[in-house]
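One file, upload-v4.txt, carrying compact mmCIF, C-alpha atoms and all ligand atoms:
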```
# COMPACT_ATOMS: atom_id res chain seq x y z
CA MET A 26 18.41 -15.40 -7.00
CA GLY A 27 19.07 -18.56 -8.91
CA VAL A 28 19.57 -22.04 -7.56
CA GLU A 29 19.95 -20.97 -3.93
CA PRO A 30 16.98 -21.54 -1.64
CA ILE A 31 14.73 -18.54 -1.20
CA THR A 32 16.15 -15.98 1.21
CA ALA A 33 14.55 -15.97 4.65
CA SER A 34 14.67 -12.16 4.81
CA LEU A 35 11.74 -11.94 2.38
CA PHE A 36 9.43 -13.59 4.92
CA SER A 37 7.37 -11.95 7.62
CA ASP A 38 8.51 -11.81 11.26
CA THR A 39 6.96 -15.04 12.54
CA ALA A 40 7.65 -17.24 9.50
CA GLN A 41 9.40 -20.52 10.21
CA LEU A 42 10.97 -22.36 7.33
CA ARG A 43 11.62 -26.09 7.72
CA ASN A 44 12.71 -28.71 5.22
CA ASP A 45 9.14 -29.88 4.79
CA GLY A 46 6.99 -26.82 5.25
CA VAL A 47 6.45 -23.22 6.26
CA SER A 48 4.44 -21.87 9.13
CA ILE A 49 3.43 -18.26 9.66
CA GLY A 50 1.89 -17.07 12.89
CA GLY A 51 2.16 -20.67 14.06
CA VAL A 52 -0.06 -21.94 11.25
CA GLU A 53 1.07 -24.24 8.42
CA LEU A 54 0.68 -22.64 4.99
CA ARG A 55 -0.13 -26.09 3.59
CA ASP A 56 -3.08 -26.43 5.97
CA LEU A 57 -4.37 -22.97 5.05
CA ALA A 58 -4.39 -23.95 1.38
CA THR A 59 -6.34 -27.10 2.23
CA THR A 60 -8.90 -25.25 4.34
CA PHE A 61 -9.38 -22.09 2.30
CA GLY A 62 -8.32 -23.15 -1.19
CA THR A 63 -6.02 -21.26 -3.53
CA PRO A 64 -5.13 -18.61 -4.50
CA LEU A 65 -5.03 -17.35 -0.96
CA PHE A 66 -3.60 -14.22 0.64
CA VAL A 67 -2.10 -14.99 4.05
CA TYR A 68 -1.12 -12.11 6.36
CA ASP A 69 1.08 -12.38 9.41
CA GLU A 70 -0.94 -10.31 11.88
CA GLU A 71 1.97 -9.84 14.25
CA THR A 72 4.04 -8.29 11.44
CA LEU A 73 1.17 -5.97 10.50
CA ARG A 74 0.80 -4.87 14.12
CA GLU A 75 4.52 -4.54 14.66
CA ARG A 76 4.97 -2.28 11.61
CA CYS A 77 2.01 -0.13 12.74
CA ARG A 78 3.50 0.17 16.22
CA GLU A 79 6.87 1.07 14.73
CA ALA A 80 5.30 3.88 12.67
CA ALA A 81 3.27 5.12 15.64
CA SER A 82 6.35 5.22 17.85
CA VAL A 83 8.78 7.01 15.51
CA PHE A 84 6.45 9.62 13.99
CA ASP A 85 4.26 12.14 15.78
CA ASP A 86 0.60 11.59 16.55
CA GLY A 87 -1.38 11.74 13.33
CA VAL A 88 0.86 9.38 11.34
CA ALA A 89 -1.39 7.34 9.07
CA PHE A 90 -1.66 3.97 7.39
CA ALA A 91 -2.19 4.47 3.63
CA SER A 92 -5.14 2.14 3.24
CA LYS A 93 -4.94 1.94 -0.56
CA SER A 94 -2.06 -0.50 -0.12
CA PHE A 95 -4.35 -3.09 1.49
CA LEU A 96 -7.81 -2.31 2.72
CA CYS A 97 -10.45 -4.38 4.38
CA ALA A 98 -12.34 -3.70 7.59
CA ALA A 99 -9.99 -5.89 9.65
CA MET A 100 -6.92 -4.05 8.39
CA ALA A 101 -8.42 -0.59 8.97
CA ARG A 102 -9.36 -1.60 12.50
CA LEU A 103 -5.93 -3.08 13.18
CA ALA A 104 -4.16 0.13 12.13
CA PHE A 105 -6.57 2.20 14.22
CA GLU A 106 -6.09 -0.05 17.26
CA GLU A 107 -2.32 0.28 16.95
CA GLY A 108 -2.55 4.05 17.15
CA LEU A 109 -2.39 5.08 13.51
CA CYS A 110 -4.75 7.32 11.59
CA VAL A 111 -6.08 5.78 8.39
CA ASP A 112 -5.66 7.59 5.09
CA VAL A 113 -8.28 7.11 2.39
CA ALA A 114 -8.22 8.32 -1.20
CA THR A 115 -11.84 7.85 -2.29
CA GLY A 116 -15.40 7.71 -1.00
CA GLY A 117 -15.28 3.91 -1.25
CA GLU A 118 -12.23 3.70 0.98
CA LEU A 119 -13.80 6.19 3.41
CA ASP A 120 -16.97 4.13 3.54
CA ILE A 121 -15.34 0.83 4.48
CA VAL A 122 -13.04 2.49 7.02
CA LEU A 123 -16.07 4.08 8.71
CA ARG A 124 -17.95 0.77 8.60
CA ALA A 125 -14.92 -0.86 10.23
CA GLY A 126 -15.49 1.38 13.23
CA VAL A 127 -12.49 3.66 12.80
CA ALA A 128 -13.28 6.96 14.51
CA ALA A 129 -13.85 9.69 11.94
CA ASN A 130 -11.39 11.90 13.78
CA ARG A 131 -8.65 9.37 12.92
CA ILE A 132 -9.31 9.44 9.17
CA ILE A 133 -7.39 11.49 6.60
CA VAL A 134 -9.07 12.11 3.27
CA HIS A 135 -7.09 12.43 0.05
CA GLY A 136 -8.01 12.57 -3.61
CA ASN A 137 -7.14 14.61 -6.68
CA ASN A 138 -10.78 14.74 -7.80
CA LYS A 139 -12.96 14.57 -4.74
CA SER A 140 -16.64 14.74 -5.62
CA HIS A 141 -19.12 17.04 -3.93
CA GLU A 142 -20.52 13.97 -2.12
CA GLU A 143 -17.09 12.86 -0.94
CA LEU A 144 -16.31 16.32 0.43
CA GLU A 145 -19.72 16.54 2.04
CA ARG A 146 -19.32 13.18 3.82
CA ALA A 147 -15.81 14.04 5.01
CA ILE A 148 -17.08 17.29 6.52
CA ALA A 149 -20.26 15.79 7.95
CA THR A 150 -18.43 12.95 9.68
CA GLY A 151 -15.72 15.25 11.03
CA VAL A 152 -12.60 13.63 9.60
CA HIS A 153 -9.21 14.30 11.17
CA ARG A 154 -7.77 15.99 8.06
CA LEU A 155 -8.76 16.61 4.49
CA VAL A 156 -5.82 17.09 2.15
CA VAL A 157 -6.74 19.79 -0.36
CA ASP A 158 -5.43 19.12 -3.86
CA ASN A 159 -6.56 21.79 -6.35
CA PHE A 160 -8.38 25.09 -6.94
CA ASP A 161 -11.62 23.45 -8.11
CA GLU A 162 -11.75 21.66 -4.79
CA ILE A 163 -11.21 24.97 -2.98
CA THR A 164 -14.20 26.38 -4.86
CA ARG A 165 -16.32 23.42 -3.70
CA LEU A 166 -15.05 23.73 -0.14
CA ARG A 167 -16.00 27.41 -0.01
CA ALA A 168 -19.61 26.36 -0.53
CA LEU A 169 -19.49 23.53 2.02
CA VAL A 170 -17.34 24.68 4.93
CA SER A 171 -18.58 27.13 7.56
CA PRO A 172 -18.21 27.61 11.31
CA ALA A 173 -21.20 25.25 11.64
CA ALA A 174 -19.56 22.72 9.29
CA PRO A 175 -15.87 23.04 10.13
CA LEU A 176 -12.94 21.28 8.49
CA ASN A 177 -9.33 20.60 9.45
CA ALA A 178 -7.12 20.59 6.39
CA LEU A 179 -3.67 20.17 4.97
CA VAL A 180 -2.65 21.41 1.56
CA ARG A 181 -0.96 19.06 -0.87
CA VAL A 182 2.04 20.57 -2.58
CA THR A 183 4.53 19.32 -5.14
CA PRO A 184 8.00 19.99 -3.84
CA GLY A 185 9.68 19.46 -7.23
CA VAL A 186 11.60 16.41 -6.05
CA GLU A 187 12.14 13.57 -8.53
CA ALA A 188 12.12 10.32 -6.59
CA HIS A 189 14.08 7.38 -7.96
CA THR A 190 11.25 5.00 -8.74
CA HIS A 191 8.95 3.84 -11.55
CA GLU A 192 7.44 6.80 -13.42
CA TYR A 193 3.86 5.56 -12.82
CA VAL A 194 4.31 5.92 -9.06
CA ARG A 195 6.41 9.10 -9.06
CA THR A 196 4.50 12.15 -7.83
CA GLY A 197 6.79 14.81 -6.41
CA GLN A 198 7.86 16.28 -9.75
CA GLU A 199 6.29 19.39 -11.31
CA ASP A 200 4.52 17.56 -14.13
CA THR A 201 1.89 15.76 -12.09
CA LYS A 202 -1.86 15.71 -11.56
CA PHE A 203 -1.42 15.94 -7.78
CA GLY A 204 -1.22 19.02 -5.60
CA PHE A 205 -0.12 22.62 -5.98
CA SER A 206 3.32 23.58 -7.22
CA VAL A 207 5.63 25.30 -4.77
CA ALA A 208 7.83 26.59 -7.60
CA THR A 209 5.08 28.38 -9.57
CA GLY A 210 3.59 30.08 -6.52
CA GLU A 211 0.31 28.17 -6.78
CA ALA A 212 0.87 26.48 -3.43
CA ARG A 213 1.20 29.88 -1.77
CA ARG A 214 -1.94 31.15 -3.51
CA ALA A 215 -3.83 28.04 -2.37
CA ILE A 216 -2.73 28.61 1.23
CA ASP A 217 -3.89 32.22 1.08
CA GLU A 218 -7.27 31.18 -0.31
CA LEU A 219 -7.72 28.40 2.26
CA LYS A 220 -6.85 30.71 5.15
CA ASP A 221 -9.71 32.91 4.04
CA ILE A 222 -12.36 30.20 4.38
CA GLU A 223 -14.24 30.63 7.63
CA GLY A 224 -14.52 27.33 9.51
CA LEU A 225 -11.46 25.85 7.81
CA THR A 226 -8.32 25.34 9.89
CA LEU A 227 -5.21 24.82 7.82
CA HIS A 228 -2.69 22.78 9.80
CA GLY A 229 0.13 22.54 7.32
CA VAL A 230 1.46 21.08 4.12
CA HIS A 231 1.54 17.59 2.71
CA ALA A 232 3.69 16.12 -0.06
CA HIS A 233 4.04 12.62 -1.46
CA ILE A 234 7.00 12.14 -3.78
CA GLY A 235 6.30 8.61 -4.96
CA SER A 236 6.26 4.98 -3.96
CA GLN A 237 8.70 2.07 -3.58
CA ILE A 238 11.60 4.45 -2.84
CA PHE A 239 14.77 2.88 -1.44
CA GLU A 240 16.81 5.99 -0.70
CA VAL A 241 15.95 8.46 2.02
CA GLU A 242 17.62 11.30 0.09
CA GLY A 243 14.46 12.27 -1.83
CA PHE A 244 12.49 12.44 1.43
CA ARG A 245 15.17 14.63 3.00
CA GLU A 246 14.98 16.98 0.02
CA SER A 247 11.22 17.07 0.25
CA MET A 248 11.39 17.86 3.97
CA THR A 249 13.83 20.68 3.29
CA VAL A 250 11.65 22.23 0.56
CA LEU A 251 8.53 22.00 2.73
CA ALA A 252 10.22 23.37 5.83
CA GLU A 253 11.66 26.33 3.96
CA PHE A 254 8.41 26.97 2.15
CA THR A 255 6.44 27.13 5.42
CA ALA A 256 9.10 28.87 7.54
CA ASN A 257 6.87 31.93 8.06
CA ASP A 258 3.54 30.14 8.46
CA ASP A 259 2.16 29.22 11.84
CA PHE A 260 1.50 25.61 10.82
CA ASP A 261 1.71 22.76 13.30
CA GLU A 262 2.07 19.80 10.90
CA LEU A 263 4.20 18.65 8.03
CA CYS A 264 3.48 15.38 6.25
CA VAL A 265 5.91 13.78 3.82
CA GLY A 266 3.40 11.22 2.55
CA GLY A 267 4.24 7.57 2.02
CA GLY A 268 6.59 5.88 -0.36
CA LEU A 269 9.12 3.94 1.65
CA GLY A 270 10.21 0.93 -0.43
CA VAL A 271 10.45 -2.72 0.55
CA ALA A 272 12.66 -5.57 -0.67
CA TYR A 273 10.79 -7.89 -3.03
CA VAL A 274 13.66 -10.09 -4.20
CA ALA A 275 17.03 -11.24 -2.87
CA GLY A 276 19.68 -8.56 -2.98
CA GLU A 277 17.31 -5.62 -2.40
CA SER A 278 17.29 -3.78 0.88
CA ALA A 279 15.24 -0.88 2.15
CA PRO A 280 15.46 1.40 5.18
CA SER A 281 13.18 0.47 8.06
CA ILE A 282 10.31 2.76 9.05
CA LYS A 283 12.43 3.85 11.99
CA GLU A 284 15.45 4.67 9.81
CA TRP A 285 13.17 6.65 7.50
CA ALA A 286 11.81 8.68 10.42
CA VAL A 287 15.30 9.30 11.81
CA ALA A 288 16.46 10.60 8.40
CA LEU A 289 13.43 12.91 8.23
CA ARG A 290 13.94 14.26 11.75
CA ASP A 291 17.58 14.79 10.98
CA ALA A 292 16.69 16.71 7.81
CA ALA A 293 14.14 18.73 9.79
CA THR A 294 16.80 19.73 12.32
CA HIS A 295 19.26 20.58 9.56
CA CYS A 296 16.89 22.83 7.69
CA GLY A 297 15.58 24.48 10.84
CA LEU A 298 11.99 23.24 10.88
CA ARG A 299 10.25 25.15 13.63
CA PRO A 300 10.14 23.15 16.86
CA GLY A 301 6.70 21.88 17.72
CA VAL A 302 5.76 21.09 14.14
CA ARG A 303 4.53 17.50 14.07
CA ILE A 304 6.43 15.37 11.55
CA LEU A 305 4.03 12.98 9.87
CA ALA A 306 3.98 10.34 7.19
CA GLU A 307 1.54 7.85 5.70
CA PRO A 308 3.26 4.59 4.87
CA GLY A 309 1.28 1.88 3.12
CA ARG A 310 3.60 -0.64 1.50
CA ALA A 311 6.15 -0.56 4.34
CA ILE A 312 3.43 -1.71 6.73
CA VAL A 313 1.71 -4.43 4.74
CA ALA A 314 3.96 -5.73 1.95
CA GLN A 315 6.17 -8.12 3.85
CA ALA A 316 3.35 -9.36 6.04
CA GLY A 317 1.60 -10.95 3.06
CA VAL A 318 2.25 -14.07 1.04
CA THR A 319 0.11 -15.53 -1.77
CA LEU A 320 -0.43 -19.27 -2.11
CA TYR A 321 -1.14 -20.79 -5.52
CA ARG A 322 -1.63 -24.33 -6.81
CA VAL A 323 0.28 -25.33 -9.95
CA GLY A 324 -2.05 -26.68 -12.63
CA VAL A 325 0.08 -26.91 -15.76
CA VAL A 326 3.77 -27.27 -16.62
CA LYS A 327 4.39 -26.68 -20.29
CA PRO A 328 7.86 -26.84 -21.75
CA VAL A 329 8.24 -25.01 -25.07
CA THR A 330 11.44 -24.65 -27.06
CA GLN A 331 12.55 -21.46 -25.33
CA ARG A 332 11.51 -22.13 -21.73
CA THR A 333 9.07 -23.84 -19.40
CA TYR A 334 5.77 -22.20 -18.49
CA MET A 335 4.38 -23.08 -15.10
CA ALA A 336 0.74 -21.95 -14.70
CA VAL A 337 -0.92 -21.33 -11.35
CA ASP A 338 -4.57 -20.78 -10.44
CA GLY A 339 -4.33 -16.99 -10.06
CA GLY A 340 -2.31 -14.40 -11.95
CA MET A 341 -2.66 -10.79 -13.02
CA SER A 342 -6.09 -10.57 -11.35
CA ASP A 343 -4.59 -11.03 -7.86
CA ASN A 344 -1.20 -9.46 -8.60
CA PRO A 345 -1.17 -6.98 -11.47
CA ARG A 346 2.11 -5.38 -10.33
CA PRO A 347 4.44 -7.38 -12.60
CA VAL A 348 2.31 -6.44 -15.63
CA LEU A 349 1.88 -2.81 -14.61
CA TYR A 350 5.31 -1.94 -13.32
CA GLY A 351 7.53 -4.84 -14.30
CA SER A 352 7.84 -5.62 -10.59
CA GLY A 353 9.97 -8.57 -9.58
CA TYR A 354 8.92 -11.31 -7.17
CA GLU A 355 10.34 -14.63 -6.05
CA ALA A 356 8.67 -17.99 -5.61
CA PHE A 357 9.10 -20.95 -3.32
CA ASP A 358 7.60 -24.40 -2.96
CA VAL A 359 5.60 -24.50 0.27
CA ASP A 360 6.51 -28.16 0.91
CA GLN A 361 10.24 -27.61 0.48
CA PRO A 362 11.14 -23.99 1.22
CA LEU A 363 14.77 -24.71 2.05
CA ALA A 364 15.49 -26.69 -1.10
CA GLU A 365 17.77 -25.45 -3.87
CA ARG A 366 15.87 -24.08 -6.84
CA PRO A 367 17.49 -25.33 -10.05
CA GLN A 368 14.26 -25.37 -12.08
CA GLN A 369 13.83 -22.13 -14.04
CA VAL A 370 10.30 -21.41 -15.20
CA ARG A 371 8.13 -18.53 -16.28
CA LEU A 372 5.44 -18.43 -13.60
CA VAL A 373 2.19 -17.45 -15.28
CA GLY A 374 -1.47 -17.20 -14.35
CA LYS A 375 -4.70 -18.46 -15.89
CA HIS A 376 -5.74 -15.32 -17.74
CA CYS A 377 -6.28 -15.02 -21.45
CA GLU A 378 -3.25 -13.02 -22.38
CA SER A 379 0.45 -13.62 -22.77
CA GLY A 380 1.20 -10.68 -20.50
CA ASP A 381 -0.27 -12.58 -17.57
CA VAL A 382 3.11 -13.22 -15.98
CA LEU A 383 3.73 -13.31 -12.24
CA ILE A 384 7.46 -13.99 -12.42
CA ASP A 385 9.38 -13.82 -15.66
CA GLU A 386 12.23 -16.03 -14.42
CA ALA A 387 11.18 -17.94 -11.35
CA TYR A 388 13.40 -20.49 -9.66
CA LEU A 389 11.87 -23.53 -8.00
CA PRO A 390 13.01 -26.90 -6.71
CA ALA A 391 13.50 -29.63 -9.31
CA SER A 392 10.47 -31.61 -8.18
CA THR A 393 7.99 -28.72 -8.11
CA GLY A 394 5.30 -29.51 -10.65
CA VAL A 395 1.61 -30.04 -11.24
CA GLY A 396 -0.21 -30.10 -7.90
CA SER A 397 2.58 -28.33 -5.99
CA LEU A 398 1.78 -25.43 -3.73
CA VAL A 399 3.85 -22.48 -4.89
CA ALA A 400 3.91 -19.17 -3.04
CA THR A 401 5.16 -15.65 -3.66
CA PRO A 402 6.29 -13.68 -0.60
CA VAL A 403 5.99 -9.89 -0.12
CA THR A 404 2.58 -9.69 -1.80
CA GLY A 405 0.83 -7.85 1.02
CA ALA A 406 0.78 -4.44 -0.70
CA TYR A 407 -1.20 -3.45 -3.79
CA GLY A 408 -2.10 -7.04 -4.64
CA TYR A 409 -5.52 -7.56 -3.14
CA SER A 410 -6.25 -3.83 -3.32
CA MET A 411 -5.65 -3.80 -7.08
CA ALA A 412 -7.16 -7.23 -7.68
CA SER A 413 -9.71 -7.50 -10.47
CA ASN A 414 -12.23 -9.96 -11.81
CA TYR A 415 -10.61 -10.12 -15.22
CA ASN A 416 -11.88 -13.19 -17.05
CA ARG A 417 -14.46 -13.44 -14.27
CA VAL A 418 -11.92 -14.91 -11.92
CA PRO A 419 -13.23 -14.57 -8.34
CA ARG A 420 -10.97 -12.68 -5.96
CA PRO A 421 -9.09 -14.85 -3.44
CA ALA A 422 -9.87 -15.11 0.24
CA VAL A 423 -7.68 -13.27 2.75
CA VAL A 424 -6.72 -14.73 6.12
CA PHE A 425 -4.85 -13.29 9.09
CA VAL A 426 -2.77 -15.73 11.15
CA ARG A 427 -1.47 -15.14 14.65
CA ASP A 428 -0.42 -17.34 17.60
CA GLY A 429 -1.63 -20.51 15.92
CA GLU A 430 -5.06 -19.02 15.10
CA VAL A 431 -6.55 -18.23 11.70
CA ARG A 432 -9.03 -15.45 11.01
CA GLU A 433 -10.70 -15.24 7.62
CA VAL A 434 -11.08 -11.51 7.02
CA LEU A 435 -12.30 -11.57 3.42
CA ARG A 436 -13.98 -14.65 2.02
CA ARG A 437 -13.31 -15.93 -1.46
CA GLU A 438 -15.59 -14.45 -4.08
CA THR A 439 -18.09 -16.83 -5.62
CA PHE A 440 -19.62 -16.97 -9.10
CA GLU A 441 -22.79 -15.87 -7.31
CA ASP A 442 -20.99 -12.70 -6.17
CA LEU A 443 -19.78 -12.11 -9.70
CA ALA A 444 -23.33 -12.41 -11.05
CA HIS A 445 -24.94 -10.12 -8.51
CA LEU A 446 -24.59 -6.92 -10.53
CA GLU A 447 -26.28 -8.42 -13.56
CA VAL A 448 -29.61 -6.82 -14.31
CA GLY A 449 -32.34 -8.98 -15.80
CA ILE A 450 -31.02 -12.52 -15.40
N1 LIG B 501 0.16 8.85 0.55
C1 LIG B 501 -0.27 9.19 -0.67
C2 LIG B 501 -0.80 10.51 -0.89
C3 LIG B 501 -0.17 8.26 -1.73
O1 LIG B 501 -0.57 8.60 -2.93
C4 LIG B 501 0.34 6.97 -1.47
C5 LIG B 501 0.44 5.97 -2.53
C6 LIG B 501 0.76 6.66 -0.16
C7 LIG B 501 0.65 7.62 0.83
C8 LIG B 501 1.31 5.31 0.21
O2 LIG B 501 2.47 5.03 -0.48
P1 LIG B 501 3.33 3.73 -0.07
O3 LIG B 501 3.87 3.97 1.30
O4 LIG B 501 2.45 2.57 -0.13
O5 LIG B 501 4.39 3.70 -1.11
N2 LIG B 501 0.06 0.68 -7.00
C9 LIG B 501 1.46 1.04 -6.88
C10 LIG B 501 1.69 2.02 -5.78
C11 LIG B 501 0.86 3.28 -5.93
C12 LIG B 501 1.04 4.23 -4.78
C13 LIG B 501 -0.01 5.29 -4.80
N3 LIG B 501 0.03 6.20 -3.72
C14 LIG B 501 2.30 -0.22 -6.66
O6 LIG B 501 1.74 -1.31 -6.64
O7 LIG B 501 3.52 -0.15 -6.56
```

Structure re-expressed in structure tokens:
Amino acid sequence: MGVEPITASLFSDTAQLRNDGVSIGGVELRDLATTFGTPLFVYDEETLRERCREAASVFDDGVAFASKSFLCAAMARLAFEEGLCVDVATGGELDIVLRAGVAANRIIVHGNNKSHEELERAIATGVHRLVVDNFDEITRLRALVSPAAPLNALVRVTPGVEAHTHEYVRTGQEDTKFGFSVATGEARRAIDELKDIEGLTLHGVHAHIGSQIFEVEGFRESMTVLAEFTANDDFDELCVGGGLGVAYVAGESAPSIKEWAVALRDAATHCGLRPGVRILAEPGRAIVAQAGVTLYRVGVVKPVTQRTYMAVDGGMSDNPRPVLYGSGYEAFDVDQPLAERPQQVRLVGKHCESGDVLIDEAYLPASTGVGSLVATPVTGAYGYSMASNYNRVPRPAVVFVRDGEVREVLRRETFEDLAHLEVGI
């Protein structure tokens, strides 16, 4: 970080940085901003596909894309085409994935509070797996599942592993709203109850210890706990969830999907996981984060005594992660990506609160100013999917680029869209 030019390793696979511009998938970012306006999410389709293929090749069949990280019909279809299952966490996610044409038997349904309707739809459509989270859900399933309405399930357990990550996205510990505790015996009781439901086939256990995790150690521990816990069951699957981290700023580095899988297989061998048990995962961020970049136009540069504020035409509505988790990002000037970045600014959005900060200390070239096109790389995960209409700011468009072609997969929201829920005007 600092005056050096932005590091090329933060860009997606096909990005080409020149003195006077950046292209991704053979398309100039500058031209995309002109055609589609800003803010704009640009995804490198080849990177998305490559990460999906990597996951499909290193895990067993049934490995899923965690759609919460970035979901639209085009993305669900892409993951499905590349051989992944698609994991959904709500009825809304299930709905769009089905509309996208993903086969129901490639969908995995999660949720810590699945409604009767959500359970009913999952069973009626014949999803690949439903991941059972709690005893109230088991009660509901007893009423819904039968030999005529069968269900394939996993049971979500908490292995008691504390992942090294932000507490809001940590889930493997005992004090959590997700899953059944292995330590207290509840997970065992849940398994016994599920095995008693006629029409329900329990394939194994599932755990998810957290997100944005850089070290494989926590996953190895989780694998060990799960393998030992199920040593005497006749399960055929074990899923360690998602959570693999990605580098957002210079100096960070994360294991690849392949390295993650190798570490898990190694742990499985070490702890004597029964052969034939499929080792599964459901990465989200590791598939989509680096493929995405957000383009903004600078509208205001305001020096105050303490610093300079540079305001762009988006903000916490398209990327709430800095506000929510204190997440770091970097910025570059699209017209001069290789330039040194001596200008230190606080990159902020257009929302009505001081907390609307995209980058607390951003570094940009000296000449970047009003009218410049500034972009933040590694915004492909949990940006669009957590985007809001705060201050009635329309959500940006999303485009996929590949081999010199552009595909608009989500159009920009309009004021008309924003008004369409109003009753009586
Ligand atoms: N599986 C389950 C059961 C999950 O709860 C999650 C994420 C994943 C898979 C995918 O995790 P990933 O591979 O993307 O880390 N909004 C936060 C992240 C929340 C993650 C929630 N669950 C963020 O922006 O960092």

**OP:** Find the residues around Gln237 (chain A) up to 9 Å (only C-alpha atoms counted), leave out those fewer than 3 positions away in its own chain, and share them as number ranges by chain.
**Re:** A: 189-191, 194, 268-271, 310-311

Store the residues picked out above, limited to C-alpha atoms, as a compact mmCIF listing (two decimals), in the coordinates of the input.
```txt
# COMPACT_ATOMS: atom_id res chain seq x y z
CA HIS A 189 14.08 7.38 -7.96
CA THR A 190 11.25 5.00 -8.74
CA HIS A 191 8.95 3.84 -11.55
CA VAL A 194 4.31 5.92 -9.06
CA GLY A 268 6.59 5.88 -0.36
CA LEU A 269 9.12 3.94 1.65
CA GLY A 270 10.21 0.93 -0.43
CA VAL A 271 10.45 -2.72 0.55
CA ARG A 310 3.60 -0.64 1.50
CA ALA A 311 6.15 -0.56 4.34
```

Original post:
Distance CA of Gly297 (chain A)-CA of Ala252 (chain A), one decimal place?
Top reply: 7.4 Å

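With all atoms listed in the file as the basis for measurement, A:Ala306 is the residue among A:Leu54, A:Leu446, A:Ala306, A:Val426 that approaches ligand LIG 501 (chain B) most closely.
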
Subject >> Distance in Å - CA of Gln368 (chain A) versus CA of Asp38 (chain A) >> reply: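 That distance, rounded to one decimal, is 27.6 Å.
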
**OP:** Using all atoms listed in the file, pick whichever of A:Asp258, A:Asp343, A:Glu365, A:Glu378 has the shortest atom-to-atom distance to ligand LIG 501 (chain B).
**Re:**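 Selected residue with least distance to ligand LIG 501 (chain B): A:Asp343.
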
Determine, for each residue of region 249-309 of chain A having at least one atom at most 12 Å from an atom of region 129-146 of chain A, the closest pair of atoms and their separation in Å to one decimal, counting all atoms listed in the file; order by chain and ascending number, as a Markdown table.
```
| residue | atom | partner | partner_atom | distance |
| --- | --- | --- | --- | --- |
| A:Cys264 | CA | A:Ile133 | CA | 11.6 |
| A:Gly266 | CA | A:His135 | CA | 10.9 |
| A:Leu305 | CA | A:Ile133 | CA | 12.0 |
| A:Ala306 | CA | A:Ile133 | CA | 11.4 |
| A:Glu307 | CA | A:Ile133 | CA | 9.7 |
```

Just write the chosen residues, C-alpha atoms, as a JSON list (two decimals), keeping the file's coordinate frame.
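Generated output (part-v8.json):
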```json
[["chain", "number", "residue", "atom", "x", "y", "z"],
["A", 264, "CYS", "CA", 3.48, 15.38, 6.25],
["A", 266, "GLY", "CA", 3.40, 11.22, 2.55],
["A", 305, "LEU", "CA", 4.03, 12.98, 9.87],
["A", 306, "ALA", "CA", 3.98, 10.34, 7.19],
["A", 307, "GLU", "CA", 1.54, 7.85, 5.70]]
```

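Residue nearest Ala58 (chain A), chosen from A:Ala168, A:Val318, A:Ile450, A:Ala336 and counting all atoms listed in the file: A:Val318.
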
Subject >> Residue contacts of region 69-75 of chain A (8 Å, all atoms listed in the file) excluding same-chain residues fewer than 2 positions away, as an MDAnalysis selection string >> reply: chainID A and resid 37:39 49:50 67 77:79 103:104 107 312:313 315:317 425:427

If you keep C-alpha atoms, can you produce a file of those selected residues as a short mmCIF file (atom, residue, chain, number, x, y, z; two decimals), in the coordinates of the input?
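Result written to result-v9.cif:
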```cif
data_model
loop_
_atom_site.label_atom_id
_atom_site.label_comp_id
_atom_site.auth_asym_id
_atom_site.auth_seq_id
_atom_site.Cartn_x
_atom_site.Cartn_y
_atom_site.Cartn_z
CA SER A 37 7.37 -11.95 7.62
CA ASP A 38 8.51 -11.81 11.26
CA THR A 39 6.96 -15.04 12.54
CA ILE A 49 3.43 -18.26 9.66
CA GLY A 50 1.89 -17.07 12.89
CA VAL A 67 -2.10 -14.99 4.05
CA CYS A 77 2.01 -0.13 12.74
CA ARG A 78 3.50 0.17 16.22
CA GLU A 79 6.87 1.07 14.73
CA LEU A 103 -5.93 -3.08 13.18
CA ALA A 104 -4.16 0.13 12.13
CA GLU A 107 -2.32 0.28 16.95
CA ILE A 312 3.43 -1.71 6.73
CA VAL A 313 1.71 -4.43 4.74
CA GLN A 315 6.17 -8.12 3.85
CA ALA A 316 3.35 -9.36 6.04
CA GLY A 317 1.60 -10.95 3.06
CA PHE A 425 -4.85 -13.29 9.09
CA VAL A 426 -2.77 -15.73 11.15
CA ARG A 427 -1.47 -15.14 14.65
#
```

**OP:** Identify the residues within 12 Å of coordinate (-15.9, 7.4, 6.6) (same frame as the file), considering all atoms listed in the file, and give the answer as a ChimeraX atom specification.
**Re:** /A:98,101,111-134,142-155

Subject >> A:Arg165, A:Lys220, A:His233, A:Arg303 ranked by distance to ligand LIG 501 (chain B), top pick (using only C-alpha atoms and all ligand atoms) >> reply: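 For ligand LIG 501 (chain B), the nearest of the given residues is A:His233.
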
Subject >> Straight-line distance linking CA of Tyr409 (chain A) with CA of Val423 (chain A), stated in Å to one decimal >> reply: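 Interatomic distance here is 8.5 Å.
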
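For the residues A:Asp85, A:Glu386, A:Thr404, A:Ile31, ranking by smallest atom-to-atom distance to ligand LIG 501 (chain B) using all atoms listed in the file places A:Thr404 first.
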
**OP:** Compile the contact shell of Glu242 (chain A) as a PyMOL selection string: residues with an atom at most 12 Å away, counting only C-alpha atoms, same-chain residues fewer than 2 positions apart removed.
**Re:** chain A and resi 186-189+234+238-240+244-249+269+280+284-285+288-289+291-292

Subject >> Proximity to Pro402 (chain A) - best of A:Ile216, A:Val448, A:Cys110, A:Leu320, only C-alpha atoms >> reply: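 With only C-alpha atoms as the atom set, the closest residue is A:Leu320.
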